[in-house]
Each structure stands twice: as C-alpha cells, then as structure tokens.
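Chemist: coords01.cif (mmCIF, C-alpha atoms) pasted underneath:
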data_model
loop_
_atom_site.group_PDB
_atom_site.id
_atom_site.type_symbol
_atom_site.label_atom_id
_atom_site.label_comp_id
_atom_site.auth_asym_id
_atom_site.auth_seq_id
_atom_site.Cartn_x
_atom_site.Cartn_y
_atom_site.Cartn_z
ATOM 1 C CA MET F 1089 -4.124 18.900 11.983
ATOM 2 C CA THR F 1090 -7.484 17.233 12.752
ATOM 3 C CA SER F 1091 -9.403 19.948 10.915
ATOM 4 C CA HIS F 1092 -7.601 19.247 7.622
ATOM 5 C CA ALA F 1093 -9.395 17.273 4.911
ATOM 6 C CA ASP F 1094 -7.910 13.936 3.850
ATOM 7 C CA HIS F 1095 -6.849 15.375 0.485
ATOM 8 C CA GLU F 1096 -4.917 18.190 2.171
ATOM 9 C CA LEU F 1097 -3.150 15.754 4.492
ATOM 10 C CA VAL F 1098 -2.198 13.537 1.536
ATOM 11 C CA ALA F 1099 -0.801 16.563 -0.319
ATOM 12 C CA LYS F 1100 1.176 17.565 2.770
ATOM 13 C CA ALA F 1101 2.508 14.036 3.320
ATOM 14 C CA VAL F 1102 3.562 13.654 -0.325
ATOM 15 C CA SER F 1103 5.047 17.102 -0.913
ATOM 16 C CA SER F 1104 7.127 17.369 2.257
ATOM 17 C CA GLN F 1105 7.338 13.724 3.378
ATOM 18 C CA ASP F 1106 5.336 14.813 6.441
ATOM 19 C CA THR F 1107 5.013 11.718 8.632
ATOM 20 C CA ALA F 1108 2.765 13.560 11.107
ATOM 21 C CA ALA F 1109 0.230 14.243 8.337
ATOM 22 C CA PHE F 1110 0.335 10.579 7.353
ATOM 23 C CA GLY F 1111 -0.012 9.623 11.032
ATOM 24 C CA GLU F 1112 -3.202 11.686 11.206
ATOM 25 C CA LEU F 1113 -4.554 9.840 8.146
ATOM 26 C CA VAL F 1114 -3.754 6.497 9.827
ATOM 27 C CA ARG F 1115 -5.512 7.642 13.035
ATOM 28 C CA ARG F 1116 -8.611 8.590 11.040
ATOM 29 C CA HIS F 1117 -8.911 5.405 8.997
ATOM 30 C CA GLN F 1118 -7.242 2.604 10.984
ATOM 31 C CA SER F 1119 -10.555 1.404 12.399
ATOM 32 C CA HIS F 1120 -12.179 1.012 8.951
ATOM 33 C CA VAL F 1121 -9.133 -0.721 7.460
ATOM 34 C CA ARG F 1122 -8.670 -3.083 10.410
ATOM 35 C CA ASN F 1123 -12.389 -3.895 10.499
ATOM 36 C CA PHE F 1124 -12.380 -4.569 6.756
ATOM 37 C CA LEU F 1125 -9.371 -6.891 7.000
ATOM 38 C CA ARG F 1126 -10.732 -8.663 10.102
ATOM 39 C CA LYS F 1127 -13.964 -9.443 8.271
ATOM 40 C CA LEU F 1128 -12.097 -10.519 5.172
ATOM 41 C CA SER F 1129 -9.543 -12.770 6.871
ATOM 42 C CA GLY F 1130 -11.542 -13.880 9.923
ATOM 43 C CA ASP F 1131 -8.383 -13.659 12.017
ATOM 44 C CA VAL F 1132 -7.795 -10.658 14.275
ATOM 45 C CA THR F 1133 -4.011 -11.002 14.626
ATOM 46 C CA ALA F 1134 -3.416 -11.693 10.943
ATOM 47 C CA ALA F 1135 -5.730 -8.815 10.024
ATOM 48 C CA ASP F 1136 -3.792 -6.368 12.213
ATOM 49 C CA ASP F 1137 -0.494 -7.519 10.660
ATOM 50 C CA LEU F 1138 -2.033 -7.015 7.227
ATOM 51 C CA ALA F 1139 -3.256 -3.570 8.278
ATOM 52 C CA GLN F 1140 0.324 -2.617 9.166
ATOM 53 C CA ASP F 1141 1.534 -3.831 5.761
ATOM 54 C CA CYS F 1142 -1.335 -2.000 4.119
ATOM 55 C CA PHE F 1143 -0.413 1.349 5.702
ATOM 56 C CA MET F 1144 3.269 0.867 4.808
ATOM 57 C CA HIS F 1145 2.254 0.178 1.180
ATOM 58 C CA ALA F 1146 -0.059 3.189 1.330
ATOM 59 C CA TRP F 1147 2.865 5.397 2.432
ATOM 60 C CA ASP F 1148 4.964 4.124 -0.489
ATOM 61 C CA LYS F 1149 2.161 4.631 -3.012
ATOM 62 C CA LEU F 1150 0.655 7.802 -1.562
ATOM 63 C CA HIS F 1151 1.771 9.837 -4.592
ATOM 64 C CA THR F 1152 -0.498 7.680 -6.804
ATOM 65 C CA PHE F 1153 -3.619 8.949 -4.975
ATOM 66 C CA THR F 1154 -5.077 11.369 -7.488
ATOM 67 C CA GLY F 1155 -7.815 12.728 -5.234
ATOM 68 C CA ARG F 1156 -10.502 11.663 -7.728
ATOM 69 C CA GLY F 1157 -12.366 9.473 -5.241
ATOM 70 C CA SER F 1158 -12.436 9.273 -1.467
ATOM 71 C CA PHE F 1159 -9.233 8.511 0.415
ATOM 72 C CA ILE F 1160 -10.850 5.632 2.322
ATOM 73 C CA GLY F 1161 -11.840 4.064 -1.036
ATOM 74 C CA TRP F 1162 -8.224 4.247 -2.189
ATOM 75 C CA LEU F 1163 -6.997 2.915 1.161
ATOM 76 C CA LEU F 1164 -9.371 -0.059 1.001
ATOM 77 C CA LYS F 1165 -8.061 -0.795 -2.477
ATOM 78 C CA VAL F 1166 -4.526 -0.977 -1.018
ATOM 79 C CA ALA F 1167 -5.861 -3.131 1.854
ATOM 80 C CA TYR F 1168 -7.624 -5.520 -0.534
ATOM 81 C CA THR F 1169 -4.506 -5.837 -2.731
ATOM 82 C CA THR F 1170 -2.374 -6.476 0.385
ATOM 83 C CA PHE F 1171 -4.839 -9.144 1.516
ATOM 84 C CA LEU F 1172 -4.842 -10.888 -1.894
ATOM 85 C CA GLN F 1173 -1.025 -10.789 -2.108
ATOM 86 C CA SER F 1174 -0.623 -12.263 1.377
ATOM 87 C CA LYS F 1175 -3.197 -14.943 0.590
ATOM 88 C CA ARG F 1176 -1.313 -15.878 -2.575
ATOM 89 C CA LYS F 1177 1.935 -16.093 -0.595
ATOM 90 C CA SER F 1178 0.436 -18.203 2.212
ATOM 91 C CA LYS F 1179 -1.240 -20.471 -0.357
ATOM 92 C CA ARG F 1180 2.143 -21.084 -1.975
ATOM 93 C CA TYR F 1181 3.663 -21.667 1.492
ATOM 94 C CA MET F 1182 0.965 -24.227 2.353
ATOM 95 C CA GLU F 1183 1.496 -25.957 -1.010
ATOM 96 C CA ILE F 1184 5.210 -26.307 -0.262
ATOM 97 C CA LEU F 1185 4.448 -27.626 3.244
ATOM 98 C CA GLU F 1186 1.947 -30.092 1.797
ATOM 99 C CA GLN F 1187 4.517 -31.281 -0.743
ATOM 100 C CA VAL F 1188 6.963 -32.087 2.018
ATOM 101 C CA GLY F 1189 4.174 -33.407 4.286
ATOM 102 C CA HIS F 1190 4.585 -30.886 7.063
ATOM 103 C CA VAL F 1191 1.043 -29.586 7.515
ATOM 104 C CA THR F 1192 0.167 -29.978 11.157
ATOM 105 C CA GLU F 1193 -3.372 -30.073 12.463
ATOM 106 C CA THR F 1194 -2.887 -26.733 14.209
ATOM 107 C CA GLU F 1195 -1.707 -25.037 11.022
ATOM 108 C CA SER F 1196 -4.552 -26.397 8.933
ATOM 109 C CA ARG F 1197 -7.052 -25.127 11.502
ATOM 110 C CA SER F 1198 -5.352 -21.802 12.124
ATOM 111 C CA HIS F 1199 -8.009 -19.798 10.315
ATOM 112 C CA THR F 1200 -11.046 -21.395 11.877
ATOM 113 C CA MET F 1201 -12.712 -19.712 14.819
ATOM 114 C CA GLN F 1202 -13.839 -20.946 18.180
ATOM 115 C CA ALA F 1203 -17.538 -21.869 18.180
ATOM 116 C CA ASP F 1204 -18.388 -19.355 20.917
ATOM 117 C CA GLU F 1205 -16.735 -16.504 18.970
ATOM 118 C CA VAL F 1206 -18.927 -16.980 15.882
ATOM 119 C CA THR F 1207 -21.357 -14.099 15.404
ATOM 120 C CA ASP F 1208 -24.261 -13.624 12.974
ATOM 121 C CA LEU F 1209 -21.934 -11.659 10.736
ATOM 122 C CA ASP F 1210 -19.393 -14.512 10.717
ATOM 123 C CA ARG F 1211 -22.147 -16.900 9.646
ATOM 124 C CA PHE F 1212 -23.168 -14.527 6.864
ATOM 125 C CA LEU F 1213 -19.578 -14.071 5.719
ATOM 126 C CA ALA F 1214 -18.992 -17.822 5.743
ATOM 127 C CA VAL F 1215 -21.496 -18.438 2.949
ATOM 128 C CA LEU F 1216 -19.930 -15.772 0.724
ATOM 129 C CA SER F 1217 -16.995 -16.181 -1.612
ATOM 130 C CA GLU F 1218 -13.901 -14.062 -0.974
ATOM 131 C CA GLU F 1219 -14.839 -11.610 -3.710
ATOM 132 C CA GLU F 1220 -18.431 -11.305 -2.471
ATOM 133 C CA ARG F 1221 -17.204 -10.848 1.088
ATOM 134 C CA ALA F 1222 -14.874 -8.002 0.086
ATOM 135 C CA VAL F 1223 -17.554 -6.229 -1.944
ATOM 136 C CA MET F 1224 -20.300 -6.699 0.675
ATOM 137 C CA VAL F 1225 -18.055 -5.456 3.495
ATOM 138 C CA MET F 1226 -16.995 -2.425 1.448
ATOM 139 C CA SER F 1227 -20.634 -1.653 0.710
ATOM 140 C CA TYR F 1228 -22.411 -2.411 3.986
ATOM 141 C CA ALA F 1229 -19.669 -1.984 6.605
ATOM 142 C CA CYS F 1230 -17.606 0.828 5.067
ATOM 143 C CA GLY F 1231 -20.422 2.591 3.210
ATOM 144 C CA LEU F 1232 -18.562 2.839 -0.101
ATOM 145 C CA SER F 1233 -20.585 3.650 -3.234
ATOM 146 C CA HIS F 1234 -20.706 1.185 -6.122
ATOM 147 C CA ARG F 1235 -18.318 3.397 -8.067
ATOM 148 C CA GLU F 1236 -15.823 3.506 -5.180
ATOM 149 C CA ILE F 1237 -16.015 -0.292 -4.795
ATOM 150 C CA SER F 1238 -15.488 -0.616 -8.534
ATOM 151 C CA GLU F 1239 -12.298 1.466 -8.265
ATOM 152 C CA ALA F 1240 -11.111 -0.407 -5.162
ATOM 153 C CA THR F 1241 -11.607 -3.870 -6.632
ATOM 154 C CA SER F 1242 -10.891 -3.026 -10.300
ATOM 155 C CA MET F 1243 -14.278 -4.465 -11.278
ATOM 156 C CA PRO F 1244 -16.777 -2.745 -13.557
ATOM 157 C CA VAL F 1245 -19.682 -1.069 -11.704
ATOM 158 C CA GLY F 1246 -22.114 -3.573 -13.258
ATOM 159 C CA THR F 1247 -20.089 -6.493 -11.871
ATOM 160 C CA VAL F 1248 -20.042 -4.867 -8.415
ATOM 161 C CA LYS F 1249 -23.841 -4.625 -8.503
ATOM 162 C CA SER F 1250 -24.225 -8.248 -9.568
ATOM 163 C CA VAL F 1251 -21.745 -9.431 -6.903
ATOM 164 C CA ILE F 1252 -23.783 -7.592 -4.245
ATOM 165 C CA PHE F 1253 -27.003 -9.057 -5.657
ATOM 166 C CA ARG F 1254 -25.482 -12.554 -5.638
ATOM 167 C CA GLY F 1255 -24.197 -12.103 -2.079
ATOM 168 C CA LYS F 1256 -27.582 -10.944 -0.838
ATOM 169 C CA GLU F 1257 -29.236 -13.859 -2.620
ATOM 170 C CA LYS F 1258 -26.854 -16.319 -0.914
ATOM 171 C CA ILE F 1259 -27.527 -14.802 2.513
ATOM 172 C CA ARG F 1260 -31.266 -14.808 1.803
ATOM 173 C CA THR F 1261 -31.281 -18.497 0.833
ATOM 174 C CA SER F 1262 -28.957 -19.576 3.663
ATOM 175 C CA PHE F 1263 -30.639 -17.614 6.465
ATOM 176 C CA ASP F 1264 -34.123 -16.392 7.124
ATOM 177 C CA ILE F 1265 -33.355 -12.711 7.198
ATOM 178 C CA LYS F 1266 -36.942 -11.703 8.047
ATOM 179 C CA ASP F 1267 -36.836 -13.930 11.153
ATOM 180 C CA HIS F 1268 -33.545 -12.330 12.096
ATOM 181 C CA GLN F 1269 -35.080 -8.909 11.647
ATOM 182 C CA HIS F 1270 -37.948 -9.649 14.012
ATOM 183 C CA GLY F 1271 -35.988 -11.791 16.443
ATOM 184 C CA MET Q 1387 -27.271 13.885 -14.597
ATOM 185 C CA THR Q 1388 -26.853 10.119 -15.099
ATOM 186 C CA SER Q 1389 -24.450 9.888 -12.166
ATOM 187 C CA LYS Q 1390 -26.945 11.799 -9.981
ATOM 188 C CA ILE Q 1391 -29.645 9.268 -10.895
ATOM 189 C CA ILE Q 1392 -27.241 6.398 -10.083
ATOM 190 C CA ASN Q 1393 -26.385 7.987 -6.722
ATOM 191 C CA MET Q 1394 -30.081 8.456 -5.927
ATOM 192 C CA ALA Q 1395 -30.779 4.852 -6.877
ATOM 193 C CA GLU Q 1396 -27.971 3.750 -4.572
ATOM 194 C CA ARG Q 1397 -29.454 5.767 -1.728
ATOM 195 C CA LEU Q 1398 -32.869 4.171 -2.109
ATOM 196 C CA LYS Q 1399 -32.187 1.322 0.234
ATOM 197 C CA ASP Q 1400 -34.774 -1.202 1.230
ATOM 198 C CA ASN Q 1401 -35.257 -2.805 4.645
ATOM 199 C CA GLU Q 1402 -32.971 -5.662 3.707
ATOM 200 C CA ASP Q 1403 -30.142 -3.249 2.917
ATOM 201 C CA ARG Q 1404 -30.633 -1.443 6.210
ATOM 202 C CA LEU Q 1405 -30.633 -4.770 8.070
ATOM 203 C CA LEU Q 1406 -27.443 -5.880 6.326
ATOM 204 C CA GLU Q 1407 -25.862 -2.521 7.155
ATOM 205 C CA SER Q 1408 -26.708 -2.948 10.837
ATOM 206 C CA ILE Q 1409 -25.245 -6.474 10.869
ATOM 207 C CA PHE Q 1410 -22.114 -5.608 8.886
ATOM 208 C CA THR Q 1411 -21.330 -2.443 10.830
ATOM 209 C CA SER Q 1412 -18.977 -3.128 13.730
ATOM 210 C CA ALA Q 1413 -17.938 -0.990 16.663
ATOM 211 C CA PRO Q 1414 -14.901 1.208 15.875
ATOM 212 C CA ILE Q 1415 -11.584 -0.382 16.784
ATOM 213 C CA ALA Q 1416 -9.609 1.578 19.388
ATOM 214 C CA ASP Q 1417 -6.305 2.946 18.127
ATOM 215 C CA ASP Q 1418 -4.261 1.608 21.093
ATOM 216 C CA GLY Q 1419 -0.998 2.956 19.728
ATOM 217 C CA PHE Q 1420 -1.520 1.470 16.257
ATOM 218 C CA SER Q 1421 -1.167 4.748 14.369
ATOM 219 C CA ALA Q 1422 1.812 5.801 16.516
ATOM 220 C CA MET Q 1423 3.511 2.515 15.618
ATOM 221 C CA ILE Q 1424 2.867 3.050 11.884
ATOM 222 C CA GLU Q 1425 4.154 6.628 12.125
ATOM 223 C CA LYS Q 1426 7.307 5.370 13.850
ATOM 224 C CA LYS Q 1427 7.820 2.669 11.199
ATOM 225 C CA VAL Q 1428 7.365 5.202 8.400
ATOM 226 C CA ARG Q 1429 9.842 7.606 10.021
ATOM 227 C CA ARG Q 1430 12.390 4.796 10.397
ATOM 228 C CA GLN Q 1431 11.915 3.715 6.762
ATOM 229 C CA LEU Q 1432 12.364 7.312 5.610
ATOM 230 C CA TRP Q 1433 15.562 7.696 7.636
ATOM 231 C CA VAL Q 1434 16.958 4.388 6.290
ATOM 232 C CA ARG Q 1435 16.194 5.443 2.703
ATOM 233 C CA ARG Q 1436 17.894 8.822 3.238
ATOM 234 C CA MET Q 1437 20.972 7.136 4.656
ATOM 235 C CA VAL Q 1438 21.290 4.336 2.061
ATOM 236 C CA LEU Q 1439 22.651 6.485 -0.800
ATOM 237 C CA PRO Q 1440 25.369 8.392 1.121
ATOM 238 C CA VAL Q 1441 26.469 5.246 2.974
ATOM 239 C CA ALA Q 1442 26.568 3.204 -0.249
ATOM 240 C CA THR Q 1443 28.566 5.990 -1.937
ATOM 241 C CA LEU Q 1444 31.039 6.095 0.938
ATOM 242 C CA VAL Q 1445 31.448 2.305 1.013
ATOM 243 C CA GLY Q 1446 31.799 2.255 -2.783
ATOM 244 C CA ALA Q 1447 34.458 4.979 -2.635
ATOM 245 C CA LEU Q 1448 36.389 3.113 0.077
ATOM 246 C CA VAL Q 1449 36.201 -0.193 -1.802
ATOM 247 C CA SER Q 1450 37.167 1.308 -5.140
ATOM 248 C CA PHE Q 1451 39.908 3.605 -3.796
ATOM 249 C CA LYS Q 1452 42.783 1.108 -4.159
ATOM 250 C CA PRO Q 1453 41.871 -0.189 -7.660
ATOM 251 C CA LEU Q 1454 41.225 3.404 -8.825
ATOM 252 C CA ALA Q 1455 44.608 4.555 -7.551
ATOM 253 C CA GLY Q 1456 46.205 1.640 -9.438
ATOM 254 C CA LEU Q 1457 44.290 2.597 -12.590
ATOM 255 C CA VAL Q 1458 45.426 6.225 -12.380
ATOM 256 C CA THR Q 1459 49.047 5.097 -11.966
ATOM 257 C CA ALA Q 1460 48.715 2.749 -14.941
ATOM 258 C CA ILE Q 1461 47.211 5.517 -17.134
ATOM 259 C CA THR Q 1462 49.985 7.932 -16.108
ATOM 260 C CA SER Q 1463 52.664 5.397 -17.019
ATOM 261 C CA LEU Q 1464 50.861 4.680 -20.312
ATOM 262 C CA THR Q 1465 50.711 8.377 -21.243
ATOM 263 C CA SER Q 1466 54.466 8.654 -20.697
ATOM 264 C CA LEU Q 1467 54.871 5.992 -23.398
ATOM 265 C CA LEU Q 1468 52.828 7.983 -25.944
ATOM 266 C CA PRO Q 1469 54.568 10.538 -28.190
ATOM 267 C CA GLN Q 1470 54.321 14.126 -26.857
ATOM 268 C CA GLU Q 1471 52.861 15.427 -30.196
ATOM 269 C CA LEU Q 1472 49.915 13.048 -29.886
ATOM 270 C CA LEU Q 1473 49.175 14.244 -26.352
ATOM 271 C CA ASN Q 1474 49.340 17.908 -27.374
ATOM 272 C CA ALA Q 1475 47.188 17.468 -30.499
ATOM 273 C CA PRO Q 1476 43.720 17.939 -28.844
ATOM 274 C CA GLN Q 1477 44.943 21.009 -26.960
ATOM 275 C CA GLU Q 1478 46.280 22.537 -30.152
ATOM 276 C CA LEU Q 1479 42.980 21.871 -31.968
ATOM 277 C CA VAL Q 1480 40.814 23.190 -29.080
ATOM 278 C CA PRO Q 1481 42.938 25.513 -26.917
ATOM 279 C CA GLN Q 1482 40.101 25.923 -24.316
ATOM 280 C CA LEU Q 1483 39.880 22.126 -23.750
ATOM 281 C CA PRO Q 1484 41.073 22.148 -20.091
ATOM 282 C CA MET Q 1485 38.537 24.876 -19.265
ATOM 283 C CA ILE Q 1486 35.740 22.983 -21.051
ATOM 284 C CA VAL Q 1487 36.584 19.750 -19.183
ATOM 285 C CA LEU Q 1488 36.752 21.615 -15.858
ATOM 286 C CA GLY Q 1489 33.424 23.384 -16.580
ATOM 287 C CA GLY Q 1490 31.773 20.094 -17.518
ATOM 288 C CA MET Q 1491 32.993 18.444 -14.339
ATOM 289 C CA LEU Q 1492 31.738 21.388 -12.218
ATOM 290 C CA LEU Q 1493 28.333 21.284 -13.931
ATOM 291 C CA ALA Q 1494 28.028 17.529 -13.355
ATOM 292 C CA THR Q 1495 28.961 17.977 -9.670
ATOM 293 C CA CYS Q 1496 26.370 20.761 -9.277
ATOM 294 C CA LEU Q 1497 23.654 18.635 -10.911
ATOM 295 C CA VAL Q 1498 24.429 15.643 -8.698
ATOM 296 C CA GLY Q 1499 24.473 17.913 -5.629
ATOM 297 C CA LEU Q 1500 21.131 19.501 -6.541
ATOM 298 C CA ARG Q 1501 19.581 16.072 -7.117
ATOM 299 C CA ALA Q 1502 20.840 14.879 -3.724
ATOM 300 C CA LEU Q 1503 19.407 18.014 -2.055
ATOM 301 C CA GLU Q 1504 16.061 17.482 -3.784
ATOM 302 C CA ASP Q 1505 15.943 13.846 -2.585
#
What is this structure when it is put down as structure tokens?

Modeler:
Amino acid sequence: MTSHADHELVAKAVSSQDTAAFGELVRRHQSHVRNFLRKLSGDVTAADDLAQDCFMHAWDKLHTFTGRGSFIGWLLKVAYTTFLQSKRKSKRYMEILEQVGHVTETESRSHTMQADEVTDLDRFLAVLSEEERAVMVMSYACGLSHREISEATSMPVGTVKSVIFRGKEKIRTSFDIKDHQHG
Amino acid sequence: MTSKIINMAERLKDNEDRLLESIFTSAPIADDGFSAMIEKKVRRQLWVRRMVLPVATLVGALVSFKPLAGLVTAITSLTSLLPQELLNAPQELVPQLPMIVLGGMLLATCLVGLRALED
C-alpha cells in the first residue's frame, strides 16, 4: 500500500470505499495538515480537533478530487475551509456569550499562549493577518507552489504573490531578519 | 512554456526565502494513533450510512402497516360499491392489463434492488 501514489489511493478509496487506502493517505499527510492547522490556530488541541474534522470532510468530498493538482494541496484546501468554518462558528458563539455577558477571563484568553512557549515562528505569525498566515505557511512550511496555494485558497495567483510579498514585508519591518540569520 | 518560466521563477529563491523556509518548517508530528482513529471513524460512518436506509425502510414499513391495511380495506369496500361494468372496462379495453401491471411492478422492484446493491 505504501508504494502506491496518492492519486491511486484516492481512486481506490473512492471506487471501492476502501477505508484502508484512505487510512494510508491520512498516515502520509497527517503531519502536514496538523502542522498547518497548529500554525494557523496557535492552539495544539484545537488544531488536532480541526484536523480530525478536516479528514472526515476529506473522506466525504474525496470524489471531488480531480487529480489535477497535488493531493496535499487539495487536502490543505479542505483544512483551510474547515478552519474558516470553525472560526466563523466560534465567532458567532462568542458574540452570543458576549450578548448575555458570559465571557469569562479564561475563555477570552483561551487562544493566547504561555510566554515560555512562544517561538520565533509564533512571533512572525503574530504580525501576519489570518490570510497572510495561511498563505505563508502553505508556501514556506508545506512547500506548495503559488498555483497550488491559489487553488487551495481560491485566490488568483497574482493575489497569492502579493499576499506573500506583503507578509514578508511585515516580517521584515517587524523583525531584523538579517540579525536573526547571523544570530 | 510560460508555466515553466513561472515554475523556474518560483524556484529562484533568495536567502530570505530560504531563511523563512527554515523558520516555518517544523519537525514532523508523530502519528500516535491519529490515522488509526480517523480510519476507525470513517469505517463507523460508512457502516452507519449503510444501515440507515434499510433500518428507516423497516421502521417506515412497521409504522405504516396499520394505516395501509386500513386503506386497502377501505378501497376494497369502495370497489364493491362501484358497478361491475365500470371495473371491467379497463380490462376489456386492454386485455393484457394485469400482465402489464405485474411486469411494471417487477421492473420497479428490480431497479430498486439494483440501486440498493450499487449503494
């Protein structure tokens, strides 16, 4: 099973509802998806829950994978959509809680990290907008091409390039990258 | 050709890109039973989906059995009120009517069965 290409495993999983083939796909890509969602959400537990939802959505929508791009590109698209949907839901939930005055201090700080856990990457990600974070992580952490990011985020390739440029510019102005490089 | 040029341009990374790559790249996350859990969830979902239709059909049949039996009785008593000539009229016009109805019902059953097998 491990020698099969992603496309072959997808075909097998779709045509005969082969859960073992899908399991192999999960084994291959879980690290990328979980890393992507951890960087995007900044919360390990929430990211792993989202990764589970993402793979369940991927199973449901597997037949929509045309094989035109890479499977990991398609999977990150599902992960990004899952993340945005969950964020929309939790935003609505927080709005309702705020309306009834039930936001506790713990809840409002649930997404912040402990000071000793903050890494250089966390500092970089903190200056970026959500969209920039997603695009930068897809590009620099997952190694997706501009075209693949464009398909994953439903943005034109030109917009992807300008988002990356803007993200780099923000990091450059917020941190002395050259110092980081030498230190 | 254009796409090749774009790909080449993408590959021409400067030092800054390489530095960002090294910072953004994290160590791979260990599976720790994650994929096995997803596989199990998928298998369970598949089983539930396969069971939903037959179970719903069975429950529907059980629920509707009594009202359907009442309906059949009512139709039978209604037909006894109709004149015999009126009941025989369709059969006189199309003598093969019972065979056609039976054939249609068999065809419908086969189609439903095939669809269920496919699912």

Chemist: As a ChimeraX atom specification, could you give me every residue of chain F near chain Q (at most 10 Å apart, counting all atoms listed in the file)?

Modeler: /F:1105-1124,1127,1136,1139-1141,1143-1144,1147-1148,1207-1210,1212-1213,1224-1231,1233-1235,1256,1259-1260,1265-1266,1268-1269

Chemist: Please provide as a PyMOL selection string all residues within 8 Å of Val1248 of chain F, with the sequence filter that same-chain residues fewer than 6 positions apart are discarded (counting all atoms listed in the file).

Modeler: chain F and resi 1223+1234+1237-1238

Chemist: With distances taken over all atoms listed in the file, which residue among F:Pro1244, F:Gly1155, F:Ser1103, F:Phe1171 lies nearest Asp1131 of chain F?

Modeler: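 Between F:Pro1244, F:Gly1155, F:Ser1103, F:Phe1171, the residue approaching Asp1131 of chain F most closely is F:Phe1171.
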
Chemist: Written as a list of chain:residue names, which residues does the PyMOL selection byres ((chain F and resi 1218) around 12) give for the file shown?

Modeler: F:Leu1125, F:Lys1127, F:Leu1128, F:Ser1129, F:Gly1130, F:Tyr1168, F:Phe1171, F:Leu1172, F:Lys1175, F:Leu1213, F:Ala1214, F:Val1215, F:Leu1216, F:Ser1217, F:Glu1219, F:Glu1220, F:Arg1221, F:Ala1222, F:Val1223, F:Met1224, F:Val1225, F:Thr1241, F:Val1251, F:Gly1255

Chemist: Mind writing the picked residues with C-alpha atoms as a short mmCIF file (atom, residue, chain, number, x, y, z; two decimals), keeping the file's coordinate frame?

Modeler:
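Output below, filename again-v5.cif:
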data_model
loop_
_atom_site.label_atom_id
_atom_site.label_comp_id
_atom_site.auth_asym_id
_atom_site.auth_seq_id
_atom_site.Cartn_x
_atom_site.Cartn_y
_atom_site.Cartn_z
CA LEU F 1125 -9.37 -6.89 7.00
CA LYS F 1127 -13.96 -9.44 8.27
CA LEU F 1128 -12.10 -10.52 5.17
CA SER F 1129 -9.54 -12.77 6.87
CA GLY F 1130 -11.54 -13.88 9.92
CA TYR F 1168 -7.62 -5.52 -0.53
CA PHE F 1171 -4.84 -9.14 1.52
CA LEU F 1172 -4.84 -10.89 -1.89
CA LYS F 1175 -3.20 -14.94 0.59
CA LEU F 1213 -19.58 -14.07 5.72
CA ALA F 1214 -18.99 -17.82 5.74
CA VAL F 1215 -21.50 -18.44 2.95
CA LEU F 1216 -19.93 -15.77 0.72
CA SER F 1217 -17.00 -16.18 -1.61
CA GLU F 1219 -14.84 -11.61 -3.71
CA GLU F 1220 -18.43 -11.30 -2.47
CA ARG F 1221 -17.20 -10.85 1.09
CA ALA F 1222 -14.87 -8.00 0.09
CA VAL F 1223 -17.55 -6.23 -1.94
CA MET F 1224 -20.30 -6.70 0.68
CA VAL F 1225 -18.06 -5.46 3.50
CA THR F 1241 -11.61 -3.87 -6.63
CA VAL F 1251 -21.74 -9.43 -6.90
CA GLY F 1255 -24.20 -12.10 -2.08
#

Chemist: Hey, can you check how far atom CA of Gly1157 of chain F sits from atom CA of Thr1169 of chain F?

Modeler: 17.4 Å

Chemist: Measuring between only C-alpha atoms, which one of F:Ser1242, F:Thr1154, F:Ser1174, F:Gln1187 shows the shortest distance to Ala1134 of chain F?

Modeler: F:Ser1174
